[in-house]
file input.cif (mmCIF, C-alpha atoms and all ligand atoms)
data_my_file
loop_
_atom_site.group_PDB
_atom_site.id
_atom_site.type_symbol
_atom_site.label_atom_id
_atom_site.label_comp_id
_atom_site.auth_asym_id
_atom_site.auth_seq_id
_atom_site.Cartn_x
_atom_site.Cartn_y
_atom_site.Cartn_z
ATOM 1 C CA PHE A 1 -26.447 16.644 43.251
ATOM 2 C CA GLN A 2 -30.184 16.076 43.583
ATOM 3 C CA HIS A 3 -31.074 19.767 43.740
ATOM 4 C CA LYS A 4 -29.119 22.963 43.406
ATOM 5 C CA VAL A 5 -29.880 23.698 47.035
ATOM 6 C CA LEU A 6 -27.179 26.383 47.283
ATOM 7 C CA GLU A 7 -27.845 28.101 43.943
ATOM 8 C CA GLY A 8 -27.025 31.806 44.218
ATOM 9 C CA ARG A 9 -25.184 31.350 47.532
ATOM 10 C CA ARG A 10 -21.565 32.319 48.094
ATOM 11 C CA VAL A 11 -19.641 29.877 50.270
ATOM 12 C CA LEU A 12 -16.160 30.379 51.755
ATOM 13 C CA ILE A 13 -14.324 27.276 53.000
ATOM 14 C CA THR A 14 -10.950 26.705 54.688
ATOM 15 C CA ALA A 15 -9.209 23.359 54.251
ATOM 16 C CA GLY A 16 -5.990 21.512 54.921
ATOM 17 C CA PRO A 17 -3.263 22.078 57.475
ATOM 18 C CA THR A 18 -1.246 25.236 58.012
ATOM 19 C CA PHE A 19 2.546 25.374 57.987
ATOM 20 C CA GLU A 20 4.309 27.509 60.566
ATOM 21 C CA PRO A 21 7.944 28.289 59.700
ATOM 22 C CA ILE A 22 10.819 27.740 62.121
ATOM 23 C CA ASP A 23 13.352 29.011 59.562
ATOM 24 C CA PRO A 24 13.302 29.259 55.737
ATOM 25 C CA VAL A 25 13.456 25.475 55.266
ATOM 26 C CA ARG A 26 11.742 24.050 58.366
ATOM 27 C CA GLY A 27 8.379 24.328 59.951
ATOM 28 C CA ILE A 28 5.587 22.855 62.041
ATOM 29 C CA THR A 29 2.475 21.396 60.481
ATOM 30 C CA ASN A 30 -0.161 18.735 61.235
ATOM 31 C CA LEU A 31 -1.635 15.602 59.679
ATOM 32 C CA SER A 32 -4.649 17.203 57.981
ATOM 33 C CA SER A 33 -4.850 15.984 54.365
ATOM 34 C CA GLY A 34 -7.462 18.526 53.248
ATOM 35 C CA LYS A 35 -9.718 15.717 51.968
ATOM 36 C CA MET A 36 -12.770 16.665 54.047
ATOM 37 C CA GLY A 37 -12.556 20.392 53.214
ATOM 38 C CA TYR A 38 -12.045 19.696 49.516
ATOM 39 C CA ALA A 39 -15.030 17.301 49.558
ATOM 40 C CA VAL A 40 -17.157 20.021 51.182
ATOM 41 C CA ALA A 41 -16.004 22.524 48.526
ATOM 42 C CA ARG A 42 -16.889 20.076 45.748
ATOM 43 C CA ALA A 43 -20.296 19.297 47.281
ATOM 44 C CA ALA A 44 -21.134 22.993 47.739
ATOM 45 C CA ARG A 45 -20.184 23.671 44.110
ATOM 46 C CA GLU A 46 -22.301 20.714 42.925
ATOM 47 C CA ALA A 47 -25.164 22.250 44.890
ATOM 48 C CA GLY A 48 -24.846 25.413 42.799
ATOM 49 C CA ALA A 49 -22.866 27.655 45.170
ATOM 50 C CA GLU A 50 -20.105 30.049 44.175
ATOM 51 C CA VAL A 51 -17.265 28.515 46.186
ATOM 52 C CA THR A 52 -13.976 29.998 47.388
ATOM 53 C CA LEU A 53 -11.552 27.562 48.988
ATOM 54 C CA VAL A 54 -8.735 28.955 51.123
ATOM 55 C CA SER A 55 -6.311 26.062 51.326
ATOM 56 C CA GLY A 56 -3.220 25.243 53.307
ATOM 57 C CA PRO A 57 -0.578 23.045 51.651
ATOM 58 C CA THR A 58 -2.147 19.842 50.266
ATOM 59 C CA ALA A 59 -1.506 17.528 47.320
ATOM 60 C CA LEU A 60 -5.151 17.608 46.194
ATOM 61 C CA PRO A 61 -6.525 18.826 42.855
ATOM 62 C CA THR A 62 -8.829 21.859 42.944
ATOM 63 C CA PRO A 63 -12.479 20.746 42.709
ATOM 64 C CA HIS A 64 -14.101 21.681 39.409
ATOM 65 C CA GLY A 65 -15.490 25.224 39.316
ATOM 66 C CA VAL A 66 -14.027 26.197 42.699
ATOM 67 C CA ARG A 67 -11.887 29.321 43.193
ATOM 68 C CA ARG A 68 -8.855 28.346 45.238
ATOM 69 C CA ILE A 69 -6.527 30.600 47.222
ATOM 70 C CA ASP A 70 -3.354 28.901 48.480
ATOM 71 C CA VAL A 71 -1.818 29.920 51.792
ATOM 72 C CA LEU A 72 0.882 28.530 54.027
ATOM 73 C CA THR A 73 0.522 29.961 57.522
ATOM 74 C CA ALA A 74 -2.436 30.488 59.854
ATOM 75 C CA GLN A 75 -1.889 34.246 59.613
ATOM 76 C CA GLN A 76 -2.060 34.103 55.800
ATOM 77 C CA MET A 77 -5.203 31.952 56.053
ATOM 78 C CA HIS A 78 -6.739 34.458 58.479
ATOM 79 C CA ASP A 79 -5.912 37.393 56.168
ATOM 80 C CA ALA A 80 -7.249 35.636 53.034
ATOM 81 C CA VAL A 81 -10.470 34.696 54.826
ATOM 82 C CA MET A 82 -11.043 38.168 56.289
ATOM 83 C CA ALA A 83 -10.351 39.764 52.889
ATOM 84 C CA GLY A 84 -12.910 37.491 51.231
ATOM 85 C CA VAL A 85 -15.628 37.156 53.862
ATOM 86 C CA GLY A 86 -17.682 40.206 52.814
ATOM 87 C CA GLY A 87 -20.747 39.127 50.829
ATOM 88 C CA GLN A 88 -20.413 35.455 51.751
ATOM 89 C CA HIS A 89 -23.561 33.584 52.792
ATOM 90 C CA VAL A 90 -21.795 30.646 54.416
ATOM 91 C CA PHE A 91 -18.387 30.143 56.035
ATOM 92 C CA ILE A 92 -17.211 26.591 56.725
ATOM 93 C CA GLY A 93 -13.964 26.233 58.684
ATOM 94 C CA VAL A 94 -12.614 22.773 57.927
ATOM 95 C CA ALA A 95 -8.896 23.625 58.091
ATOM 96 C CA ALA A 96 -6.739 22.286 60.896
ATOM 97 C CA VAL A 97 -5.294 25.672 61.773
ATOM 98 C CA ALA A 98 -2.149 25.686 63.916
ATOM 99 C CA ASP A 99 -2.991 27.066 67.331
ATOM 100 C CA TRP A 100 0.516 28.526 67.701
ATOM 101 C CA ARG A 101 3.236 29.931 65.476
ATOM 102 C CA VAL A 102 6.941 30.245 66.228
ATOM 103 C CA ALA A 103 7.518 33.721 67.659
ATOM 104 C CA ASN A 104 11.283 33.628 67.153
ATOM 105 C CA ALA A 105 11.437 32.081 63.665
ATOM 106 C CA SER A 106 14.850 32.625 62.099
ATOM 107 C CA GLY A 107 15.361 34.520 58.832
ATOM 108 C CA GLN A 108 18.266 32.179 58.005
ATOM 109 C CA LYS A 109 18.580 28.411 58.241
ATOM 110 C CA ILE A 110 19.437 27.569 61.856
ATOM 111 C CA LYS A 111 22.850 25.908 62.144
ATOM 112 C CA LYS A 112 23.543 22.907 64.333
ATOM 113 C CA ALA A 113 25.471 24.010 67.425
ATOM 114 C CA GLU A 114 28.966 22.575 68.012
ATOM 115 C CA ASP A 115 28.095 21.856 71.634
ATOM 116 C CA GLY A 116 25.023 19.775 70.722
ATOM 117 C CA GLY A 117 22.623 22.434 72.030
ATOM 118 C CA ALA A 118 19.144 22.701 70.471
ATOM 119 C CA PRO A 119 17.345 25.869 69.394
ATOM 120 C CA GLN A 120 14.845 27.257 71.897
ATOM 121 C CA LEU A 121 11.573 27.876 70.108
ATOM 122 C CA GLU A 122 9.047 30.303 71.540
ATOM 123 C CA PHE A 123 5.419 30.160 70.551
ATOM 124 C CA VAL A 124 2.654 32.722 70.255
ATOM 125 C CA GLN A 125 -1.028 31.930 69.769
ATOM 126 C CA ASN A 126 -2.566 32.366 66.301
ATOM 127 C CA ALA A 127 -5.835 34.233 65.812
ATOM 128 C CA ASP A 128 -8.924 32.009 65.680
ATOM 129 C CA ILE A 129 -10.217 32.438 62.120
ATOM 130 C CA LEU A 130 -13.634 30.954 62.831
ATOM 131 C CA ALA A 131 -14.086 33.243 65.846
ATOM 132 C CA SER A 132 -13.074 36.273 63.750
ATOM 133 C CA VAL A 133 -15.668 35.371 61.114
ATOM 134 C CA ALA A 134 -18.324 34.642 63.768
ATOM 135 C CA ALA A 135 -17.657 38.124 65.188
ATOM 136 C CA THR A 136 -18.504 39.715 61.819
ATOM 137 C CA THR A 137 -21.664 37.576 61.667
ATOM 138 C CA SER A 138 -22.853 39.031 64.958
ATOM 139 C CA LEU A 139 -22.908 42.450 63.231
ATOM 140 C CA SER A 140 -24.529 41.680 59.854
ATOM 141 C CA GLY A 141 -26.163 38.274 60.378
ATOM 142 C CA TRP A 142 -23.921 36.824 57.627
ATOM 143 C CA PRO A 143 -22.224 34.511 56.891
ATOM 144 C CA TYR A 144 -23.822 31.438 58.481
ATOM 145 C CA CYS A 145 -20.853 29.856 60.286
ATOM 146 C CA VAL A 146 -20.003 26.179 60.429
ATOM 147 C CA GLY A 147 -17.024 24.850 62.403
ATOM 148 C CA PHE A 148 -15.326 21.475 62.518
ATOM 149 C CA ALA A 149 -13.878 19.843 65.608
ATOM 150 C CA ALA A 150 -11.469 16.933 65.788
ATOM 151 C CA GLU A 151 -11.379 15.622 69.328
ATOM 152 C CA SER A 152 -9.500 12.607 70.579
ATOM 153 C CA GLU A 153 -11.971 11.923 73.406
ATOM 154 C CA ASN A 154 -15.393 12.877 74.783
ATOM 155 C CA LEU A 155 -16.603 14.172 71.432
ATOM 156 C CA MET A 156 -20.244 14.292 72.560
ATOM 157 C CA ALA A 157 -19.563 16.566 75.522
ATOM 158 C CA TYR A 158 -16.829 18.633 73.858
ATOM 159 C CA GLY A 159 -18.801 19.070 70.617
ATOM 160 C CA ALA A 160 -21.816 20.713 72.207
ATOM 161 C CA ALA A 161 -19.620 22.848 74.466
ATOM 162 C CA LYS A 162 -17.376 23.929 71.585
ATOM 163 C CA ARG A 163 -20.372 25.047 69.503
ATOM 164 C CA GLU A 164 -21.492 27.293 72.376
ATOM 165 C CA LYS A 165 -18.014 28.603 73.050
ATOM 166 C CA LYS A 166 -17.381 29.419 69.402
ATOM 167 C CA GLY A 167 -20.773 31.133 69.173
ATOM 168 C CA ILE A 168 -21.732 29.345 65.935
ATOM 169 C CA PRO A 169 -25.029 27.731 64.880
ATOM 170 C CA LEU A 170 -23.526 24.468 63.568
ATOM 171 C CA LEU A 171 -20.493 22.457 64.650
ATOM 172 C CA VAL A 172 -19.366 19.260 62.944
ATOM 173 C CA GLY A 173 -17.532 16.748 65.129
ATOM 174 C CA ASN A 174 -15.211 14.131 63.655
ATOM 175 C CA ILE A 175 -15.344 10.822 65.482
ATOM 176 C CA GLY A 176 -12.117 9.112 66.356
ATOM 177 C CA PRO A 177 -8.498 10.185 65.993
ATOM 178 C CA GLN A 178 -8.251 8.349 62.664
ATOM 179 C CA THR A 179 -10.042 10.842 60.401
ATOM 180 C CA PHE A 180 -6.827 12.591 59.251
ATOM 181 C CA GLY A 181 -5.826 11.373 55.799
ATOM 182 C CA GLN A 182 -8.616 8.789 55.574
ATOM 183 C CA ASP A 183 -11.186 8.593 52.773
ATOM 184 C CA ASP A 184 -13.967 7.726 55.233
ATOM 185 C CA ASN A 185 -15.243 9.606 58.225
ATOM 186 C CA THR A 186 -18.074 9.617 60.751
ATOM 187 C CA ILE A 187 -19.429 13.016 61.710
ATOM 188 C CA ILE A 188 -21.845 14.402 64.265
ATOM 189 C CA LEU A 189 -23.727 17.631 63.683
ATOM 190 C CA PHE A 190 -24.294 19.753 66.784
ATOM 191 C CA ASP A 191 -26.843 22.541 66.597
ATOM 192 C CA GLU A 192 -29.102 24.422 69.008
ATOM 193 C CA SER A 193 -31.561 21.553 69.183
ATOM 194 C CA GLY A 194 -29.115 18.695 69.824
ATOM 195 C CA HIS A 195 -27.008 16.397 67.719
ATOM 196 C CA THR A 196 -27.342 14.139 64.660
ATOM 197 C CA VAL A 197 -24.907 11.360 63.755
ATOM 198 C CA LEU A 198 -24.050 10.920 60.073
ATOM 199 C CA PRO A 199 -22.739 7.344 60.018
ATOM 200 C CA ARG A 200 -19.428 6.264 58.546
ATOM 201 C CA ALA A 201 -19.227 6.958 54.816
ATOM 202 C CA ASP A 202 -16.773 8.354 52.320
ATOM 203 C CA LYS A 203 -15.987 12.036 52.817
ATOM 204 C CA LEU A 204 -17.756 13.159 49.624
ATOM 205 C CA SER A 205 -21.091 11.596 50.598
ATOM 206 C CA LEU A 206 -20.783 13.065 54.094
ATOM 207 C CA ALA A 207 -19.939 16.438 52.533
ATOM 208 C CA ARG A 208 -23.061 16.233 50.347
ATOM 209 C CA GLN A 209 -25.201 15.422 53.391
ATOM 210 C CA LEU A 210 -23.622 18.302 55.283
ATOM 211 C CA VAL A 211 -24.358 20.683 52.397
ATOM 212 C CA SER A 212 -28.041 19.618 52.419
ATOM 213 C CA GLU A 213 -28.170 20.181 56.167
ATOM 214 C CA ILE A 214 -26.664 23.656 55.792
ATOM 215 C CA ALA A 215 -29.070 24.508 52.952
ATOM 216 C CA LYS A 216 -32.007 23.364 55.106
ATOM 217 C CA ARG A 217 -30.892 25.633 57.950
ATOM 218 C CA LEU A 218 -30.420 28.630 55.602
ATOM 219 C CA GLU A 219 -33.917 28.006 54.287
ATOM 220 C CA GLN A 220 -35.340 27.900 57.821
ATOM 221 C CA ARG A 221 -33.504 31.118 58.703
ATOM 222 C CA SER A 222 -34.917 32.973 55.712
ATOM 223 C CA LEU A 223 -38.435 31.918 56.751
ATOM 224 C CA LEU A 224 -38.012 33.462 60.214
HETATM 225 O O1 LIG A 301 -10.992 25.136 68.862
HETATM 226 P P1 LIG A 301 -10.672 24.201 67.739
HETATM 227 O O2 LIG A 301 -9.357 24.515 67.082
HETATM 228 O O3 LIG A 301 -10.823 22.763 68.070
HETATM 229 O O4 LIG A 301 -11.807 24.504 66.676
HETATM 230 C C1 LIG A 301 -11.805 23.926 65.426
HETATM 231 C C2 LIG A 301 -12.536 24.811 64.456
HETATM 232 O O5 LIG A 301 -12.038 26.150 64.538
HETATM 233 C C3 LIG A 301 -12.337 24.386 63.029
HETATM 234 O O6 LIG A 301 -13.485 24.761 62.293
HETATM 235 C C4 LIG A 301 -11.121 25.222 62.600
HETATM 236 O O7 LIG A 301 -11.065 25.397 61.211
HETATM 237 C C5 LIG A 301 -11.379 26.515 63.337
HETATM 238 N N1 LIG A 301 -10.159 27.235 63.733
HETATM 239 C C6 LIG A 301 -9.867 28.453 63.137
HETATM 240 N N2 LIG A 301 -8.749 29.157 63.516
HETATM 241 C C7 LIG A 301 -7.935 28.681 64.473
HETATM 242 C C8 LIG A 301 -8.227 27.446 65.105
HETATM 243 C C9 LIG A 301 -9.341 26.751 64.698
HETATM 244 O O8 LIG A 301 -10.615 28.887 62.254
HETATM 245 N N3 LIG A 301 -6.856 29.400 64.822
#

call {"tool": "encode", "arguments": {"input": "input.cif", "output": "structure tokens", "more": "lines below"}}
Ligand code: C5P
result
Amino acid sequence: FQHKVLEGRRVLITAGPTFEPIDPVRGITNLSSGKMGYAVARAAREAGAEVTLVSGPTALPTPHGVRRIDVLTAQQMHDAVMAGVGGQHVFIGVAAVADWRVANASGQKIKKAEDGGAPQLEFVQNADILASVAATTSLSGWPYCVGFAAESENLMAYGAAKREKKGIPLLVGNIGPQTFGQDDNTIILFDESGHTVLPRADKLSLARQLVSEIAKRLEQRSLL
């Protein structure tokens, strides 16, 4: 990294999918590979930050020098993040957190019914981790919150609106439905003064650019 632009900063990052159990051997997950979040963790570490990565199930190696906490469910991710958020300067939510969990998950493996009937799953909404962190920021001013958004359409309109709705200073939009699992990505940064497109590149170079952008904004904030 050109400069240690995040030297002395503590950065908390979520990455990967979550896994929501249906029974002890089955569950619901999504196509997030964790590649973008892991690239952001690596880039933040290269920039000198002390990085904690709260990760859903992925097959990726832990980036060098990064402290990693493994979780399975959205609730576990929420609890790990809230337990670790004190003293953090930056929170970056890259994880594809399940919006719902199964309310009537079974303690035992569900058996196939003789009559061909299927289990009736009920869902309950998971807590929004980013919103919970943003709520603590409104009290202490820290951490600086960055969210990600994967939209399948109207990214420009949804991105700006989602930043406002989430109450965060910086939202990163992924262009196109094909970002999951890919090595490349195109991202758009939405902040209070508009948007900036970071053109298609591999996820690590985009992550490094994002880290510089975050460092710039932290710098500006400390000058205010
Ligand atoms: O609202 P949406 O899920 O599209 O927002 C995506 C952003 O919110 C991502 O940064 C994601 O990590 C975060 N998020 C979260 N907890 C949830 C859902 C999303 O932290 N339950």

call {"tool": "closest_residue", "arguments": {"input": "input.cif", "among": "A:Asp184, A:Glu153, A:Glu219, A:Asp99", "to": "ligand LIG 301 (chain A)", "atoms": "only C-alpha atoms and all ligand atoms"}}
result
A:Asp99

call {"tool": "residues_near_ligand", "arguments": {"input": "input.cif", "ligand": "ligand LIG 301 (chain A)", "cutoff": "8 Å", "atoms": "only C-alpha atoms and all ligand atoms", "output": "JSON, numbers by chain"}}
result
{"A": [14, 15, 74, 78, 92, 93, 94, 95, 96, 97, 98, 99, 100, 126, 127, 128, 129, 130, 131, 132, 146, 147, 148, 149, 150, 151, 162, 166, 171]}

call {"tool": "closest_residue", "arguments": {"input": "input.cif", "among": "A:Ile69, A:Gln220, A:Glu46, A:Gln75", "to": "A:Thr18", "atoms": "all atoms listed in the file"}}
result
A:Gln75

call {"tool": "resolve_selection", "arguments": {"input": "input.cif", "expression": "the PyMOL selection byres (((chain A and resi 134) around 12) and not hetatm)", "output": "JSON, numbers by chain"}}
result
{"A": [81, 82, 85, 90, 91, 92, 93, 128, 129, 130, 131, 132, 133, 135, 136, 137, 138, 139, 140, 141, 142, 143, 144, 145, 146, 147, 163, 164, 165, 166, 167, 168, 169, 170]}

call {"tool": "closest_residue", "arguments": {"input": "input.cif", "among": "A:Leu210, A:Leu204, A:Leu72, A:Ala59", "to": "A:Ser33", "atoms": "all atoms listed in the file"}}
result
A:Ala59

call {"tool": "axis_aligned_box", "arguments": {"input": "input.cif", "around": "stretch 124-143 of chain A", "padding_each_side": "8 Å", "output": "AutoDock Vina command-line options"}}
result
--center_x -11.8 --center_y 36.7 --center_z 63.6 --size_x 44.8 --size_y 27.5 --size_z 29.4

call {"tool": "atom_distance", "arguments": {"input": "input.cif", "atom1": "atom CA of A:His64", "atom2": "atom CA of A:Ala80"}}
result
20.7 Å

call {"tool": "closest_residue", "arguments": {"input": "input.cif", "among": "A:Val124, A:Leu60, A:Leu198, A:Ile214", "to": "A:Ser32", "atoms": "only C-alpha atoms"}}
result
A:Leu60

call {"tool": "closest_residue", "arguments": {"input": "input.cif", "among": "A:Arg45, A:Lys35, A:Arg9, A:Arg68", "to": "A:Gln88", "atoms": "only C-alpha atoms"}}
result
A:Arg9

call {"tool": "resolve_selection", "arguments": {"input": "input.cif", "expression": "the PyMOL selection byres (((chain A and resi 183) around 6) and not hetatm)", "output": "VMD selection string"}}
result
chain A and resid 182 184 202 to 203

call {"tool": "atom_distance", "arguments": {"input": "input.cif", "atom1": "atom CA of A:Gly27", "atom2": "atom CA of A:Gly84"}}
result
26.5 Å

call {"tool": "closest_residue", "arguments": {"input": "input.cif", "among": "A:Ile188, A:Ser55, A:Ala161, A:Glu213", "to": "A:Gly173", "atoms": "only C-alpha atoms"}}
result
A:Ile188

call {"tool": "resolve_selection", "arguments": {"input": "input.cif", "expression": "the PyMOL selection byres (((chain A and resi 205) around 12) and not hetatm)", "output": "list of chain:residue names"}}
result
A:Phe1, A:Met36, A:Ala39, A:Val40, A:Arg42, A:Ala43, A:Ala44, A:Glu46, A:Asp183, A:Asp184, A:Asn185, A:Thr186, A:Ile187, A:Leu198, A:Pro199, A:Arg200, A:Ala201, A:Asp202, A:Lys203, A:Leu204, A:Leu206, A:Ala207, A:Arg208, A:Gln209, A:Leu210, A:Val211, A:Ser212

call {"tool": "atom_distance", "arguments": {"input": "input.cif", "atom1": "atom CA of A:Val172", "atom2": "atom CA of A:Gly65"}}
result
24.7 Å

call {"tool": "decode", "arguments": {"input": "input.cif", "residues": "stretch 59-74 of chain A", "atoms": "N, CA and C atoms", "output": "PDB file, in the first residue's frame"}}
result
ATOM      1  N   ALA A  59     -14.813 -20.278   2.104  1.00  0.00           N
ATOM      2  CA  ALA A  59     -13.665 -21.188   1.927  1.00  0.00           C
ATOM      3  C   ALA A  59     -12.374 -20.388   1.823  1.00  0.00           C
ATOM      4  N   LEU A  60     -12.387 -19.117   2.232  1.00  0.00           N
ATOM      5  CA  LEU A  60     -11.231 -18.250   1.979  1.00  0.00           C
ATOM      6  C   LEU A  60     -10.228 -18.266   3.125  1.00  0.00           C
ATOM      7  N   PRO A  61      -8.930 -18.106   2.800  1.00  0.00           N
ATOM      8  CA  PRO A  61      -7.928 -18.000   3.863  1.00  0.00           C
ATOM      9  C   PRO A  61      -8.007 -16.632   4.545  1.00  0.00           C
ATOM     10  N   THR A  62      -7.678 -16.600   5.828  1.00  0.00           N
ATOM     11  CA  THR A  62      -7.691 -15.339   6.577  1.00  0.00           C
ATOM     12  C   THR A  62      -6.581 -14.431   6.059  1.00  0.00           C
ATOM     13  N   PRO A  63      -6.893 -13.169   5.704  1.00  0.00           N
ATOM     14  CA  PRO A  63      -5.823 -12.275   5.256  1.00  0.00           C
ATOM     15  C   PRO A  63      -4.771 -12.087   6.346  1.00  0.00           C
ATOM     16  N   HIS A  64      -3.534 -11.948   5.929  1.00  0.00           N
ATOM     17  CA  HIS A  64      -2.402 -11.833   6.837  1.00  0.00           C
ATOM     18  C   HIS A  64      -2.600 -10.695   7.854  1.00  0.00           C
ATOM     19  N   GLY A  65      -2.411 -11.020   9.126  1.00  0.00           N
ATOM     20  CA  GLY A  65      -2.462  -9.987  10.166  1.00  0.00           C
ATOM     21  C   GLY A  65      -3.854  -9.576  10.593  1.00  0.00           C
ATOM     22  N   VAL A  66      -4.876 -10.280  10.081  1.00  0.00           N
ATOM     23  CA  VAL A  66      -6.266  -9.926  10.394  1.00  0.00           C
ATOM     24  C   VAL A  66      -6.803 -10.876  11.464  1.00  0.00           C
ATOM     25  N   ARG A  67      -7.511 -10.328  12.460  1.00  0.00           N
ATOM     26  CA  ARG A  67      -8.163 -11.167  13.467  1.00  0.00           C
ATOM     27  C   ARG A  67      -9.521 -11.575  12.931  1.00  0.00           C
ATOM     28  N   ARG A  68      -9.760 -12.882  12.890  1.00  0.00           N
ATOM     29  CA  ARG A  68     -11.006 -13.363  12.274  1.00  0.00           C
ATOM     30  C   ARG A  68     -11.885 -14.076  13.295  1.00  0.00           C
ATOM     31  N   ILE A  69     -13.160 -13.720  13.291  1.00  0.00           N
ATOM     32  CA  ILE A  69     -14.145 -14.383  14.156  1.00  0.00           C
ATOM     33  C   ILE A  69     -15.152 -15.053  13.238  1.00  0.00           C
ATOM     34  N   ASP A  70     -15.272 -16.380  13.332  1.00  0.00           N
ATOM     35  CA  ASP A  70     -16.195 -17.119  12.470  1.00  0.00           C
ATOM     36  C   ASP A  70     -17.571 -17.239  13.109  1.00  0.00           C
ATOM     37  N   VAL A  71     -18.592 -16.980  12.316  1.00  0.00           N
ATOM     38  CA  VAL A  71     -19.974 -17.142  12.766  1.00  0.00           C
ATOM     39  C   VAL A  71     -20.749 -17.876  11.678  1.00  0.00           C
ATOM     40  N   LEU A  72     -21.935 -18.334  12.058  1.00  0.00           N
ATOM     41  CA  LEU A  72     -22.775 -19.037  11.098  1.00  0.00           C
ATOM     42  C   LEU A  72     -24.030 -18.212  10.778  1.00  0.00           C
ATOM     43  N   THR A  73     -24.743 -17.822  11.804  1.00  0.00           N
ATOM     44  CA  THR A  73     -26.050 -17.188  11.590  1.00  0.00           C
ATOM     45  C   THR A  73     -25.953 -15.659  11.681  1.00  0.00           C
ATOM     46  N   ALA A  74     -27.005 -15.003  11.187  1.00  0.00           N
ATOM     47  CA  ALA A  74     -27.080 -13.539  11.278  1.00  0.00           C
ATOM     48  C   ALA A  74     -27.084 -13.090  12.733  1.00  0.00           C
TER      49      ALA A  74
END
